[in-house]
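For reference, model06.txt (compact mmCIF, C-alpha atoms):
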# COMPACT_ATOMS: atom_id res chain seq x y z
CA MET A 172 -2.65 -5.46 2.42
CA CYS A 173 -1.18 -1.97 2.13
CA THR A 174 -3.07 0.79 0.36
CA LEU A 175 -2.32 4.09 -1.32
CA THR A 176 -5.40 6.34 -1.61
CA TRP A 177 -6.00 9.45 -3.69
CA PHE A 178 -8.90 11.82 -2.88
CA PHE A 179 -9.73 13.73 -6.07
CA GLU A 180 -12.88 15.32 -4.69
CA GLY A 181 -14.28 15.38 -1.18
CA CYS A 182 -12.45 14.15 1.89
CA GLY A 183 -12.30 11.38 4.44
CA LYS A 184 -11.80 10.79 8.13
CA MET A 185 -10.70 7.68 9.98
CA VAL A 186 -13.05 6.42 12.68
CA GLU A 187 -10.80 6.13 15.74
CA PRO A 188 -11.10 3.76 17.42
CA PRO A 189 -13.56 1.89 15.16
CA SER A 190 -15.40 0.31 18.11
CA GLU A 191 -16.28 3.72 19.57
CA GLY A 192 -17.20 5.47 16.33
CA THR A 193 -15.12 8.59 17.08
CA HIS A 194 -14.36 10.64 13.97
CA GLY A 195 -10.65 11.40 13.71
CA ALA A 196 -8.80 14.24 12.01
CA MET A 197 -9.37 15.04 8.35
CA LEU A 198 -7.21 12.89 6.08
CA PRO A 199 -4.89 14.51 3.52
CA ASN A 200 -5.72 13.96 -0.14
CA LEU A 201 -2.93 11.35 -0.50
CA ILE A 202 -2.57 8.72 2.22
CA PHE A 203 -0.72 5.46 2.81
CA SER A 204 -2.06 2.69 5.04
CA GLY A 205 0.06 -0.18 6.25
CA PRO A 206 -1.31 -3.67 6.92
CA PHE A 207 -4.06 -3.72 9.54
CA GLN A 208 -4.70 -6.45 12.11
CA VAL A 209 -8.18 -5.09 12.82
CA PRO A 210 -10.68 -3.72 10.26
CA PRO A 211 -10.10 0.03 9.78
CA VAL A 212 -13.17 2.21 9.30
CA SER A 213 -13.30 5.50 7.43
CA TRP A 214 -16.05 8.09 7.07
CA ASN A 215 -16.81 10.61 4.33
CA PRO A 216 -18.76 13.73 5.40
CA GLY A 217 -19.99 14.29 1.84
CA PRO A 218 -19.69 13.04 -1.74
CA VAL A 219 -16.25 11.71 -2.52
CA HIS A 220 -14.29 10.66 -5.59
CA ALA A 221 -11.28 8.58 -4.63
CA MET A 222 -9.05 5.80 -5.90
CA MET A 223 -7.26 3.12 -3.90
CA LEU A 224 -4.22 1.09 -4.97
CA VAL A 225 -3.95 -2.17 -3.00
CA LEU A 226 -0.57 -3.92 -2.72
CA TYR A 227 0.89 -6.82 -0.79
CA PRO A 228 3.17 -5.50 1.98
CA GLU A 229 6.09 -7.53 0.60
CA ALA A 230 5.72 -5.71 -2.72
CA VAL A 231 5.73 -2.32 -0.98
CA THR A 232 8.90 -3.29 0.88
CA ALA A 233 10.56 -4.34 -2.38
CA LEU A 234 9.45 -1.17 -4.18
CA THR A 235 10.22 1.34 -1.42
CA GLY A 236 12.78 -0.30 0.87
CA ARG A 237 10.50 0.41 3.84
CA ASP A 238 9.85 -2.07 6.65
CA MET A 239 6.07 -2.49 6.76
CA GLY A 240 6.22 -3.43 10.43
CA ALA A 241 6.73 0.27 11.12
CA TYR A 242 3.32 1.04 9.55
CA LEU A 243 1.29 -1.79 11.06
CA ASP A 244 -2.24 -0.53 11.88
CA GLN A 245 -1.34 3.00 10.73
CA THR A 246 -2.62 5.49 8.15
CA VAL A 247 -0.18 8.33 7.42
CA PRO A 248 0.42 11.04 4.80
CA ALA A 249 1.97 9.29 1.79
CA GLU A 250 4.97 11.66 1.88
CA GLU A 251 6.12 9.88 5.05
CA VAL A 252 6.58 6.61 3.18
CA LEU A 253 7.13 7.30 -0.52
CA ASP A 254 10.20 8.63 -2.30
CA SER A 255 10.31 11.22 -5.10
CA ARG A 256 9.71 8.62 -7.82
CA TRP A 257 6.47 7.48 -6.17
CA LEU A 258 5.34 11.02 -5.40
CA GLU A 259 5.84 11.97 -9.05
CA LEU A 260 3.56 9.08 -10.03
CA CYS A 261 1.00 10.23 -7.47
CA GLU A 262 0.99 13.77 -8.87
CA ASP A 263 0.60 12.41 -12.40
CA VAL A 264 -2.42 10.42 -11.20
CA PHE A 265 -3.96 13.59 -9.76
CA ARG A 266 -3.45 15.38 -13.08
CA ALA A 267 -4.76 12.57 -15.31
CA PRO A 268 -8.03 13.49 -17.08
CA SER A 269 -10.03 10.37 -16.19
CA ASP A 270 -10.10 7.27 -14.01
CA ALA A 271 -9.36 5.09 -17.04
CA ASP A 272 -6.22 7.14 -17.75
CA ARG A 273 -5.20 6.89 -14.11
CA PHE A 274 -5.63 3.14 -14.13
CA VAL A 275 -3.44 2.69 -17.21
CA LEU A 276 -0.84 5.12 -15.86
CA ILE A 277 -0.51 3.24 -12.58
CA GLN A 278 -0.32 -0.12 -14.33
CA GLU A 279 2.36 0.93 -16.81
CA ARG A 280 4.55 2.67 -14.25
CA LEU A 281 4.30 -0.02 -11.59
CA ASP A 282 4.80 -2.85 -14.07
CA ALA A 283 8.19 -1.43 -15.07
CA TRP A 284 9.23 -0.90 -11.44
CA TRP A 285 8.02 -4.30 -10.30
CA GLN A 286 9.88 -6.23 -13.00
CA SER A 287 13.16 -4.80 -11.72
CA VAL A 288 12.62 -5.87 -8.09
CA ARG A 289 10.19 -8.79 -8.27
CA PRO A 290 11.52 -11.69 -6.18
CA ALA A 291 11.92 -15.01 -7.96
CA GLY A 292 8.99 -17.35 -7.42
CA THR A 293 6.43 -14.61 -6.78
CA PRO A 294 3.07 -16.10 -7.86
CA ALA A 295 0.87 -14.44 -10.46
CA SER A 296 -2.25 -15.50 -8.53
CA ASN A 297 -4.33 -12.90 -6.69
CA LEU A 298 -4.97 -15.30 -3.81
CA MET A 299 -3.32 -14.51 -0.49
CA GLU A 300 -2.86 -18.24 0.12
CA ASP A 301 -0.57 -18.57 -2.91
CA TRP A 302 1.34 -15.46 -1.86
CA PHE A 303 1.73 -16.76 1.71
CA ARG A 304 3.14 -20.08 0.53
CA ALA A 305 5.58 -18.32 -1.79
CA ILE A 306 7.00 -15.94 0.82
CA THR A 307 7.24 -18.75 3.40
CA LEU A 308 9.25 -20.86 0.96
CA ARG A 309 11.47 -17.94 -0.01
CA ALA A 310 12.04 -16.99 3.65
CA ALA A 311 13.14 -20.58 4.34
CA THR A 312 15.60 -20.66 1.44
CA SER A 313 16.95 -17.09 1.40
CA GLY A 314 20.01 -15.63 3.07
CA ILE A 315 22.30 -17.13 5.64
CA GLY A 316 20.63 -19.21 8.32
CA ARG A 317 17.53 -21.39 8.02
CA SER A 318 16.27 -21.56 11.61
CA ILE A 319 12.59 -21.05 12.38
CA ARG A 320 13.41 -17.77 14.13
CA GLN A 321 15.31 -16.45 11.12
CA VAL A 322 12.50 -17.45 8.76
CA GLU A 323 10.01 -15.64 11.00
CA ARG A 324 12.26 -12.58 11.10
CA ARG A 325 12.38 -12.41 7.30
CA ILE A 326 8.62 -12.79 6.94
CA ARG A 327 7.99 -10.05 9.49
CA ALA A 328 10.45 -7.71 7.74
CA TRP A 329 8.76 -8.30 4.37
CA THR A 330 5.12 -8.21 5.50
CA GLY A 331 4.98 -6.39 8.82
CA GLN A 332 3.48 -9.47 10.51
CA THR A 333 4.51 -12.95 11.62
CA GLN A 334 3.48 -16.27 10.11
CA ARG A 335 1.16 -16.81 13.06
CA GLU A 336 -0.52 -13.45 12.51
CA LEU A 337 -0.93 -14.03 8.77
CA GLN A 338 -2.31 -17.56 8.98
CA PRO A 339 -5.84 -16.55 10.11
CA LEU A 340 -6.09 -14.18 7.13
CA ILE A 341 -5.39 -17.08 4.78
CA GLN A 342 -8.04 -19.19 6.53
CA ILE A 343 -10.61 -16.39 6.30
CA GLU A 344 -9.91 -15.95 2.59
CA ARG A 345 -10.41 -19.69 2.04
CA LEU A 346 -13.62 -19.56 4.10
CA TYR A 347 -14.96 -16.65 2.04
CA PHE A 348 -14.55 -18.40 -1.29
CA ASN A 349 -15.96 -21.64 0.15
CA ALA A 350 -18.98 -19.68 1.39
CA LEU A 351 -19.53 -18.10 -2.02
CA SER A 352 -19.48 -21.53 -3.68
CA ALA A 353 -21.73 -23.08 -1.04
CA ARG A 354 -24.27 -20.30 -1.38
CA LYS A 355 -24.47 -20.80 -5.14
CA GLU A 356 -25.16 -24.47 -4.55
CA GLY A 357 -27.67 -23.74 -1.77
CA LYS A 358 -25.68 -25.78 0.76
CA VAL A 359 -24.30 -23.41 3.41
CA ASP A 360 -22.75 -25.58 6.14
CA TRP A 361 -20.66 -23.30 8.37
CA ALA A 362 -19.32 -26.18 10.49
CA GLY A 363 -18.11 -28.03 7.41
CA MET A 364 -16.63 -24.89 5.87
CA ALA A 365 -14.82 -24.10 9.15
CA ASP A 366 -13.17 -27.52 8.98
CA ASP A 367 -12.28 -27.12 5.29
CA ALA A 368 -10.69 -23.72 5.97
CA GLY A 369 -8.46 -25.15 8.71
CA PHE A 370 -10.18 -23.88 11.86
CA ALA A 371 -10.42 -26.04 14.98
CA ASP A 372 -14.24 -25.83 14.93
CA GLN A 373 -17.11 -23.49 14.07
CA SER A 374 -16.66 -21.44 17.26
CA HIS A 375 -13.00 -20.87 16.47
CA MET A 376 -13.98 -19.75 12.97
CA SER A 377 -16.58 -17.31 14.31
CA ARG A 378 -14.15 -15.78 16.81
CA GLN A 379 -11.47 -15.23 14.16
CA LEU A 380 -13.99 -13.83 11.69
CA ARG A 381 -15.31 -11.36 14.27
CA ARG A 382 -11.76 -10.33 15.19
CA LEU A 383 -10.68 -9.74 11.60
CA THR A 384 -13.90 -8.32 10.10
CA GLY A 385 -16.02 -7.25 13.06
CA PHE A 386 -18.97 -9.48 12.13
CA PRO A 387 -20.23 -13.09 12.46
CA PRO A 388 -20.41 -15.28 9.34
CA ALA A 389 -24.05 -14.92 8.24
CA GLN A 390 -24.14 -11.18 8.92
CA ILE A 391 -21.02 -10.31 6.97
CA MET A 392 -22.23 -12.30 3.96
CA ARG A 393 -25.48 -10.32 4.07
CA LEU A 394 -23.61 -7.02 4.39
CA ILE A 395 -21.37 -7.89 1.44
CA ASP A 396 -24.52 -8.39 -0.64
CA GLU A 397 -26.42 -5.33 0.53
CA GLU A 398 -24.11 -2.60 1.80
CA GLU A 399 -22.14 -0.28 -0.51
CA ALA A 400 -19.34 0.09 2.04
CA PHE A 401 -18.43 -3.59 1.65
CA TRP A 402 -17.44 -3.26 -2.03
CA PRO A 403 -13.84 -4.47 -1.43
CA TYR A 404 -15.19 -7.93 -0.61
CA ARG A 405 -17.13 -7.96 -3.87
CA VAL A 406 -14.00 -6.96 -5.80
CA LEU A 407 -12.12 -9.79 -4.06
CA ALA A 408 -14.78 -12.25 -5.20
CA GLU A 409 -14.15 -11.36 -8.85
CA ARG A 410 -10.55 -12.66 -8.65
CA PRO A 411 -9.24 -11.58 -12.09
CA LEU A 412 -6.45 -13.89 -13.23
CA SER A 413 -3.99 -11.05 -13.68
CA PHE A 414 -3.81 -7.27 -13.48
CA SER A 415 -3.43 -6.94 -17.26
CA LYS A 416 -6.30 -9.32 -17.95
CA ALA A 417 -8.50 -7.39 -15.53
CA ILE A 418 -8.30 -4.09 -17.39
CA SER A 419 -8.89 -5.76 -20.75
CA GLU A 420 -12.19 -7.27 -19.60
CA ASP A 421 -14.31 -4.25 -18.77
CA SER A 422 -17.32 -6.40 -17.93
CA LYS A 423 -15.40 -8.08 -15.11
CA TYR A 424 -13.55 -5.16 -13.51
CA SER A 425 -14.14 -1.51 -12.82
CA VAL A 426 -12.36 1.22 -10.91
CA HIS A 427 -14.34 1.78 -7.73
CA ASN A 428 -14.78 5.40 -6.60
Would it be possible to restate this file's structure as structure tokens?
Amino acid sequence: MCTLTWFFEGCGKMVEPPSEGTHGAMLPNLIFSGPFQVPPVSWNPGPVHAMMLVLYPEAVTALTGRDMGAYLDQTVPAEEVLDSRWLELCEDVFRAPSDADRFVLIQERLDAWWQSVRPAGTPASNLMEDWFRAITLRAATSGIGRSIRQVERRIRAWTGQTQRELQPLIQIERLYFNALSARKEGKVDWAGMADDAGFADQSHMSRQLRRLTGFPPAQIMRLIDEEEAFWPYRVLAERPLSFSKAISEDSKYSVHN
């Protein structure tokens, strides 16, 4: 995913590189992050009030005309990526009186923009697997030339990554939802879930999970339950059917600060 982050109060720093725990330079109050192939880690030296907009890289490309491959594994000042229309929205978000007002403002503005550029066949689902299938089909049926190399080139231009690089993300998403269901039923079988998610075996699953999240299966499930910093996983688990439905059901969705 790509993210656009506003810091209304407080500040943040990226931990660079994450494995060494070195605190990087202070982040500006408006930042853009491209898709990451490794889990990025940020640090707040004090209380912080922030908001993050999460978008598929293909949507950012359609809305900005930018190639997301240029921002792979990068966090930069938003002014480097966004045009005047976007920056005006960002300033309006800063000036809005409350998080609820900001949420509605972003939805209304982006909805109008997205309808004008939304590719045909884009799924309404929030699942990455549905999105991945849709862009793969569109890459295979769009433009002149239908070779595997041309399909790969289109996918990389739209998402910043290749099919091969995206596939493990889809498998991890499937694994996560399988694990949530298994835990509710009291039948956590990691070997079986690895097979269901499309991994070669449990070891392959564990290696990919460590590479993409930094943690083994049982530990990351515990951290998602217990640690505040893992709130994005808990938001993912809610899976609202649509953006509009999400904001109308306050009991199921909240703006995380």
Mind giving me the straight-line distance from CA of Tyr227 in chain A to CA of Leu346 in chain A in Å, one decimal?
->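 If I compute the distance from CA of Tyr227 in chain A to CA of Leu346 in chain A, I get 19.9 Å.
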For Arg256 in chain A, which residue out of A:Val288, A:Ala221, A:Leu281, A:Ile343 is the nearest one, using only C-alpha atoms?
->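 Selected residue with least distance to Arg256 in chain A: A:Leu281.
Look at everything within 12 Å of (-17.8, -9.9, 10.3) using only C-alpha atoms, and the residues you get are Val209, Pro210, Ile343, Tyr347, Met376, Ser377, Arg378, Gln379, Leu380, Arg381, Arg382, Leu383, Thr384, Gly385, Phe386, Pro387, Pro388, Ala389, Gln390, Ile391, Met392, Arg393, Leu394, Ile395, Phe401 and Tyr404 of chain A.
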Selected residues written out, C-alpha atoms, as a compact mmCIF listing (two decimals), in the coordinates of the input:
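result.txt, written as the output of this step:
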# COMPACT_ATOMS: atom_id res chain seq x y z
CA VAL A 209 -8.18 -5.09 12.82
CA PRO A 210 -10.68 -3.72 10.26
CA ILE A 343 -10.61 -16.39 6.30
CA TYR A 347 -14.96 -16.65 2.04
CA MET A 376 -13.98 -19.75 12.97
CA SER A 377 -16.58 -17.31 14.31
CA ARG A 378 -14.15 -15.78 16.81
CA GLN A 379 -11.47 -15.23 14.16
CA LEU A 380 -13.99 -13.83 11.69
CA ARG A 381 -15.31 -11.36 14.27
CA ARG A 382 -11.76 -10.33 15.19
CA LEU A 383 -10.68 -9.74 11.60
CA THR A 384 -13.90 -8.32 10.10
CA GLY A 385 -16.02 -7.25 13.06
CA PHE A 386 -18.97 -9.48 12.13
CA PRO A 387 -20.23 -13.09 12.46
CA PRO A 388 -20.41 -15.28 9.34
CA ALA A 389 -24.05 -14.92 8.24
CA GLN A 390 -24.14 -11.18 8.92
CA ILE A 391 -21.02 -10.31 6.97
CA MET A 392 -22.23 -12.30 3.96
CA ARG A 393 -25.48 -10.32 4.07
CA LEU A 394 -23.61 -7.02 4.39
CA ILE A 395 -21.37 -7.89 1.44
CA PHE A 401 -18.43 -3.59 1.65
CA TYR A 404 -15.19 -7.93 -0.61
Shortest contact to Ile306 in chain A, candidates A:Thr246, A:Asn200, A:Thr235, A:Thr330, atoms counted only C-alpha atoms, goes to A:Thr330
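Candidate residues A:Cys173, A:Ala328, A:Thr333, A:Gly236 were compared for distance to Asp254 in chain A, and the nearest is A:Gly236, using all atoms listed in the file.
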With all atoms of range 272-289 of chain A from the file as input, state the centre and edge lengths in Å to one decimal of the axis-aligned box that has 8 Å extra on each side, as lines of an AutoDock Vina configuration file.
center_x = 3.5
center_y = -0.8
center_z = -12.9
size_x = 35.4
size_y = 31.9
size_z = 25.7
At what distance in Å, to one decimal, does CA of Gly205 in chain A lie from CA of Pro268 in chain A?
->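 About the pair CA of Pro268 in chain A and CA of Gly205 in chain A: they are 28.2 Å apart.
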Counting all atoms listed in the file, figure out which residue out of A:Gln208, A:Ser352, A:Ser213, A:Thr174 gets nearest to Val186 in chain A.
->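 Residue with the minimum atom-to-atom distance to Val186 in chain A: A:Ser213.
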In Å, with one decimal, what is the gap from CA of Gly183 in chain A to CA of Met197 in chain A?
->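 Between CA of Gly183 in chain A and CA of Met197 in chain A the gap is 6.1 Å.
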Using all atoms listed in the file, determine which residues lie at most 12 Å from Asp244 in chain A, disregarding the query and same-chain residues fewer than 2 positions distant; provide the list as a PyMOL selection string.
-> chain A and resi 172-174+185+187-188+203-212+239-242+246-247+331-332
A:Lys358, A:His220, A:Lys184, A:Arg345 ranked by distance to Leu407 in chain A, top pick (using only C-alpha atoms) | A:Arg345
For Ala408 in chain A, the closest of A:Ala350, A:Ala249, A:Ala368, A:Ile277 counting all atoms listed in the file is A:Ala350
